[in-house]
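Enquirer: For reference, the file target-v8.cif (mmCIF, C-alpha atoms) is included below:
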```
data_work
#
loop_
_atom_site.label_atom_id
_atom_site.label_comp_id
_atom_site.auth_asym_id
_atom_site.auth_seq_id
_atom_site.Cartn_x
_atom_site.Cartn_y
_atom_site.Cartn_z
CA MET A 263 124.19 145.99 63.03
CA ASP A 264 126.59 144.33 65.43
CA HIS A 265 127.07 140.70 64.34
CA ARG A 266 129.68 139.79 66.94
CA PRO A 267 128.67 136.68 68.98
CA GLN A 268 129.05 138.55 72.28
CA ALA A 269 126.29 140.90 71.15
CA TRP A 270 123.78 138.18 70.27
CA GLY A 271 120.57 138.17 72.29
CA ARG A 272 120.99 141.68 73.76
CA PRO A 273 119.76 145.14 72.72
CA ARG A 274 122.01 147.29 70.54
CA ASP A 275 124.06 149.83 72.46
CA ASP A 276 123.63 152.51 69.79
CA VAL A 277 119.83 152.24 70.03
CA TYR A 278 119.12 151.37 73.69
CA GLY A 279 122.28 152.53 75.44
CA ALA A 280 125.08 150.55 77.06
CA TYR A 281 124.18 147.29 78.77
CA ASP A 282 123.95 147.66 82.55
CA HIS A 283 126.02 144.97 84.27
CA SER A 284 125.60 146.41 87.75
CA TYR A 285 122.82 143.99 88.69
CA LEU A 286 125.33 141.12 88.45
CA HIS A 287 127.52 142.65 91.16
CA HIS A 288 126.06 143.49 94.52
CA SER A 289 127.36 143.80 98.04
CA GLY A 290 124.14 142.69 99.69
CA PRO A 291 123.65 139.59 101.85
CA LYS A 292 123.97 136.09 100.43
CA THR A 293 120.61 134.79 99.25
CA ALA A 294 119.43 131.19 99.26
CA THR A 295 116.96 129.25 97.17
CA GLN A 296 113.55 130.90 97.37
CA SER A 297 111.65 129.02 94.69
CA PRO A 298 112.70 125.48 93.69
CA VAL A 299 112.89 124.85 89.93
CA VAL A 300 113.39 121.09 89.48
CA THR A 301 110.99 119.30 91.82
CA GLY A 302 109.55 115.90 92.63
CA THR A 303 105.92 115.40 93.56
CA SER A 304 104.16 113.02 95.95
CA VAL A 305 105.64 110.39 98.23
CA VAL A 306 103.20 107.98 99.90
CA GLY A 307 103.76 105.66 102.85
CA LEU A 308 101.59 103.13 104.70
CA LYS A 309 102.20 100.94 107.74
CA PHE A 310 101.19 97.31 107.94
CA LYS A 311 101.52 94.74 110.71
CA ASP A 312 105.13 93.79 109.96
CA GLY A 313 106.58 96.96 108.45
CA VAL A 314 106.06 99.91 106.13
CA VAL A 315 105.47 100.38 102.40
CA ILE A 316 106.67 103.61 100.75
CA ALA A 317 106.53 104.72 97.10
CA ALA A 318 107.36 107.70 94.87
CA ASP A 319 107.36 108.18 91.11
CA ASN A 320 110.56 108.68 89.11
CA LEU A 321 109.76 112.09 87.65
CA ALA A 322 111.55 115.38 88.31
CA SER A 323 109.69 118.31 86.73
CA TYR A 324 111.39 121.45 85.43
CA GLY A 325 108.59 123.83 86.33
CA SER A 326 105.63 122.32 84.48
CA LEU A 327 107.83 120.35 82.05
CA ALA A 328 108.20 116.60 82.70
CA ARG A 329 111.93 116.92 82.14
CA PHE A 330 113.72 114.11 83.99
CA THR A 331 111.98 110.73 83.94
CA ASP A 332 114.53 108.57 85.77
CA VAL A 333 115.08 110.33 89.11
CA LYS A 334 114.92 107.89 92.01
CA ARG A 335 113.45 109.67 95.05
CA LEU A 336 113.64 106.78 97.51
CA ARG A 337 116.95 106.32 99.33
CA THR A 338 117.94 103.49 101.67
CA PHE A 339 119.81 104.16 104.90
CA LEU A 340 121.91 101.46 106.61
CA ASN A 341 119.52 98.73 105.44
CA THR A 342 117.21 99.83 108.26
CA SER A 343 115.25 102.76 106.79
CA VAL A 344 114.01 104.29 103.55
CA VAL A 345 113.83 108.04 103.02
CA GLY A 346 111.40 109.41 100.42
CA PHE A 347 111.94 112.95 99.11
CA GLY A 348 109.39 115.38 97.74
CA GLY A 349 110.24 118.91 96.66
CA ASP A 350 113.49 120.36 95.35
CA VAL A 351 115.74 117.80 93.66
CA SER A 352 119.01 119.66 94.27
CA ASP A 353 118.27 119.80 98.01
CA MET A 354 117.38 116.10 97.83
CA GLN A 355 120.82 115.42 96.32
CA TYR A 356 122.50 117.44 99.08
CA LEU A 357 120.63 115.48 101.76
CA ASP A 358 121.43 112.20 100.01
CA ARG A 359 125.17 112.97 100.11
CA HIS A 360 124.86 114.06 103.75
CA LEU A 361 123.06 110.84 104.71
CA ASN A 362 125.60 108.74 102.82
CA GLU A 363 128.38 110.31 104.89
CA LEU A 364 126.38 109.67 108.06
CA ALA A 365 125.80 106.05 107.01
CA ILE A 366 129.54 105.53 106.47
CA ASP A 367 130.29 106.90 109.94
CA GLU A 368 127.62 104.64 111.46
CA ALA A 369 128.86 101.59 109.56
CA TYR A 370 132.34 102.03 111.08
CA GLU A 371 130.89 102.11 114.58
CA HIS A 372 128.34 99.28 114.34
CA ASP A 373 128.39 95.77 112.92
CA GLU A 374 126.31 95.25 109.78
CA GLU A 375 126.41 91.46 110.20
CA PRO A 376 124.37 89.76 112.93
CA THR A 377 126.39 89.05 116.07
CA ASP A 378 125.31 87.43 119.34
CA GLY A 379 121.82 86.88 118.01
CA LYS A 380 121.24 90.55 117.27
CA ALA A 381 119.59 91.89 114.16
CA PRO A 382 121.73 93.30 111.31
CA GLY A 383 122.89 96.80 112.13
CA ALA A 384 121.88 96.47 115.76
CA GLY A 385 122.74 99.63 117.65
CA ALA A 386 122.87 101.74 114.51
CA LEU A 387 120.48 104.57 113.76
CA ASN A 388 116.97 103.25 113.19
CA ALA A 389 114.10 105.04 111.49
CA ALA A 390 112.97 106.82 114.67
CA ASN A 391 116.53 108.09 115.29
CA LEU A 392 116.84 109.21 111.67
CA HIS A 393 113.52 111.03 111.96
CA LYS A 394 114.77 113.08 114.92
CA TYR A 395 118.08 113.76 113.20
CA LEU A 396 116.41 115.09 110.04
CA GLN A 397 113.95 117.12 112.10
CA LYS A 398 116.83 118.93 113.83
CA LEU A 399 118.69 119.38 110.55
CA MET A 400 115.68 120.87 108.74
CA TYR A 401 114.80 123.12 111.69
CA ARG A 402 118.35 124.46 111.89
CA ARG A 403 118.40 125.27 108.18
CA ARG A 404 115.06 127.00 108.57
CA ASN A 405 116.46 129.12 111.42
CA ASP A 406 119.42 130.04 109.19
CA PHE A 407 116.90 131.35 106.63
CA ASP A 408 118.32 128.83 104.17
CA PRO A 409 115.76 125.99 104.25
CA LEU A 410 116.03 122.73 102.37
CA TRP A 411 112.92 122.81 100.20
CA ASN A 412 111.80 119.25 100.81
CA GLN A 413 109.12 117.30 102.54
CA ILE A 414 110.52 113.96 103.62
CA LEU A 415 108.97 110.65 104.66
CA ILE A 416 111.02 108.24 106.79
CA ALA A 417 109.94 104.59 106.80
CA GLY A 418 111.39 101.76 108.84
CA LEU A 419 111.35 100.26 112.32
CA ASP A 420 111.83 101.90 115.70
CA SER A 421 113.99 100.71 118.60
CA ASP A 422 111.27 98.19 119.57
CA SER A 423 111.20 96.77 116.01
CA LYS A 424 107.74 98.19 115.44
CA PRO A 425 106.74 99.84 112.14
CA PHE A 426 107.63 103.52 112.05
CA LEU A 427 106.51 106.16 109.52
CA SER A 428 107.08 109.91 109.90
CA SER A 429 107.19 113.19 108.02
CA VAL A 430 109.53 116.20 108.19
CA ASP A 431 109.10 119.39 106.14
CA LEU A 432 111.29 122.40 105.32
CA ARG A 433 110.30 124.17 108.57
CA GLY A 434 111.28 121.23 110.75
CA THR A 435 107.65 120.30 111.45
CA ALA A 436 107.59 116.58 112.24
CA PHE A 437 104.94 114.01 113.09
CA THR A 438 104.08 110.33 112.69
CA ALA A 439 100.93 108.58 111.46
CA PRO A 440 99.75 105.18 110.15
CA SER A 441 99.69 106.65 106.62
CA LEU A 442 101.42 109.72 105.20
CA ALA A 443 101.76 111.47 101.85
CA THR A 444 103.44 114.60 100.53
CA GLY A 445 102.39 117.04 97.81
CA PHE A 446 99.15 116.24 95.99
CA GLY A 447 99.21 112.87 97.69
CA ALA A 448 98.12 114.55 100.93
CA MET A 449 94.80 115.33 99.22
CA LEU A 450 94.43 112.50 96.71
CA ALA A 451 96.14 109.47 98.29
CA GLN A 452 95.49 109.99 102.00
CA PRO A 453 91.71 109.40 101.78
CA ILE A 454 92.37 106.06 100.09
CA MET A 455 94.93 104.95 102.67
CA ARG A 456 92.80 106.11 105.58
CA ARG A 457 89.96 103.87 104.44
CA HIS A 458 92.27 100.95 105.21
CA ALA A 459 94.43 102.33 108.04
CA ALA A 460 92.71 105.19 109.84
CA THR A 461 94.32 104.23 113.15
CA GLU A 462 97.37 102.33 114.37
CA GLU A 463 95.08 99.41 115.22
CA ASP A 464 93.76 99.29 111.65
CA ALA A 465 97.30 99.40 110.26
CA ALA A 466 98.32 96.50 112.51
CA LYS A 467 95.66 94.36 110.82
CA LEU A 468 96.95 94.96 107.29
CA THR A 469 99.05 92.30 105.62
CA ARG A 470 102.03 93.13 103.45
CA GLU A 471 100.14 92.22 100.27
CA GLN A 472 97.18 94.43 101.19
CA ALA A 473 99.41 97.41 102.01
CA VAL A 474 101.35 97.10 98.75
CA GLU A 475 98.09 96.92 96.79
CA VAL A 476 96.73 100.04 98.50
CA VAL A 477 99.93 101.99 97.79
CA LYS A 478 99.90 100.91 94.14
CA GLU A 479 96.30 102.09 93.84
CA CYS A 480 97.36 105.45 95.30
CA MET A 481 100.14 105.77 92.72
CA LYS A 482 97.62 105.06 89.97
CA VAL A 483 95.19 107.72 91.24
CA LEU A 484 98.05 110.22 91.48
CA PHE A 485 99.03 109.50 87.87
CA TYR A 486 95.42 110.08 86.81
CA ARG A 487 94.99 113.32 88.71
CA ASP A 488 98.40 114.94 89.25
CA ALA A 489 99.89 116.61 86.16
CA ARG A 490 103.39 116.40 87.68
CA SER A 491 103.39 112.62 88.09
CA LEU A 492 104.61 109.66 86.05
CA ASP A 493 103.50 106.06 85.46
CA ARG A 494 106.92 104.68 86.47
CA TYR A 495 107.70 104.63 90.17
CA SER A 496 109.87 103.21 92.95
CA ILE A 497 108.42 101.20 95.82
CA ALA A 498 110.09 99.85 98.96
CA VAL A 499 108.97 97.50 101.71
CA VAL A 500 110.77 97.69 105.06
CA THR A 501 110.48 94.78 107.51
CA LYS A 502 112.63 93.06 110.13
CA ASP A 503 114.21 91.07 107.30
CA GLY A 504 115.54 94.22 105.65
CA ILE A 505 114.55 96.42 102.70
CA GLU A 506 113.08 95.29 99.41
CA LEU A 507 113.41 98.17 96.93
CA LYS A 508 112.15 98.17 93.34
CA GLU A 509 113.04 101.29 91.38
CA ASP A 510 111.46 100.79 87.97
CA GLU A 511 107.88 99.66 88.51
CA GLN A 512 105.19 100.33 85.90
CA LEU A 513 101.55 101.12 86.68
CA GLU A 514 99.28 98.27 85.66
CA ARG A 515 95.62 97.94 84.68
CA GLN A 516 95.14 101.61 83.86
CA SER A 517 91.66 102.72 82.83
CA TRP A 518 90.80 106.19 81.58
CA ALA A 519 87.07 105.52 81.26
CA PHE A 520 86.34 108.01 84.05
CA ALA A 521 87.63 110.82 81.80
CA GLU A 522 84.43 110.68 79.73
CA ARG A 523 82.46 111.91 82.74
CA ILE A 524 84.71 114.90 83.46
CA ARG A 525 83.28 118.28 82.47
CA GLY A 526 85.57 121.31 82.32
CA TYR A 527 84.93 125.03 82.41
CA GLY A 528 82.70 126.96 80.03
CA THR A 529 79.61 125.88 78.15
CA GLN A 530 79.12 122.13 78.18
CA THR A 531 77.08 119.84 75.98
CA VAL A 532 75.85 116.91 78.02
#
```
Have the structure of the file written as structure tokens, please.

Expert:
Amino acid sequence: MDHRPQAWGRPRDDVYGAYDHSYLHHSGPKTATQSPVVTGTSVVGLKFKDGVVIAADNLASYGSLARFTDVKRLRTFLNTSVVGFGGDVSDMQYLDRHLNELAIDEAYEHDEEPTDGKAPGAGALNAANLHKYLQKLMYRRRNDFDPLWNQILIAGLDSDSKPFLSSVDLRGTAFTAPSLATGFGAMLAQPIMRRHAATEEDAAKLTREQAVEVVKECMKVLFYRDARSLDRYSIAVVTKDGIELKEDEQLERQSWAFAERIRGYGTQTV
């Protein structure tokens, strides 16, 4: 038996033949990510009369393993917008670095401090501009057959200082709505948010406190129902006054009483 360390974990040459290394060397085309491994789940966002609330849990799953429990998936941009990432974490990190470079370029060109009565960062990229930028970026990567495996929510204010919330996915598909969610949130959280903000007019009637409470309830339902979620999450509120971001919130008032009524597959005794 071959006890050399380089032979550990592989079949013996004298029994199964020499190891074939040819699959490691190929002259074919460069391939890109086809199936993300470390991923984040839902991001939820909701407009209210003065701004937008957005939240995402802090879990990054390695397949079905809850591997990384302190991954912040909300990123601020120029103190004007918040970007929430669902999907592949490595692509999220690439986009985060890219947006940081863009923010530095923008900060050199525009004043961050109020001047002449203007709002902070006046003239810089707002949430609507960032939405279009990310749409073009994602669509170009899709056309290069090297997509960024993310679905992104952009929350902030538009050029008229009105609440703005939009979504962009890996194909460059983009749209806006009073409430948005990615992943399982599109099925589990959207019905809850639409009860309170089915239209832009309904969203304009919501107060900040009501919107935050609705989003927190959505995060609780997602923790109950989504196996890839966590009870610690980040939540941000974007208004004319800036961004309030909390990155280590804990779900409160949990109740698992509903679990007693759940019946699974197979023979049941009721």

Enquirer: Using the chain letters and numbers from this file, what does the PyMOL selection byres ((chain A and resi 339) around 9) select? Give the answer as a ChimeraX atom specification.

Expert: /A:337-338,340-345,361-362,365,387-389,392

Enquirer: For the structure shown, which residues end up in the PyMOL selection byres ((chain A and resi 330-332) around 10)? Put them as a ChimeraX atom specification, please?

Expert: /A:300-302,319-324,327-329,333-335,491-495,509-510

Enquirer: Is it possible to get the axis-aligned box enclosing segment 347-350 of chain A (all listed atoms, 3 Å extra per side) as AutoDock Vina command-line options, with centre and edge lengths in Å rounded to one decimal?

Expert:
```
--center_x 111.4 --center_y 116.7 --center_z 97.2 --size_x 10.1 --size_y 13.4 --size_z 9.8
```

Enquirer: Tell me which protein, DNA and RNA residues are within 8 Å of segment 470-474 of chain A, counting all atoms listed in the file, leaving out same-chain ones fewer than 5 positions away, and put them as a ChimeraX atom specification.

Expert: /A:308-313,315

Enquirer: Mind checking which residues fall within 10 Å of Ala448 of chain A, counting only C-alpha atoms, ignoring those fewer than 6 positions away in the same chain, and posting them as an MDAnalysis selection string?

Expert: chainID A and resid 304:306 441:442
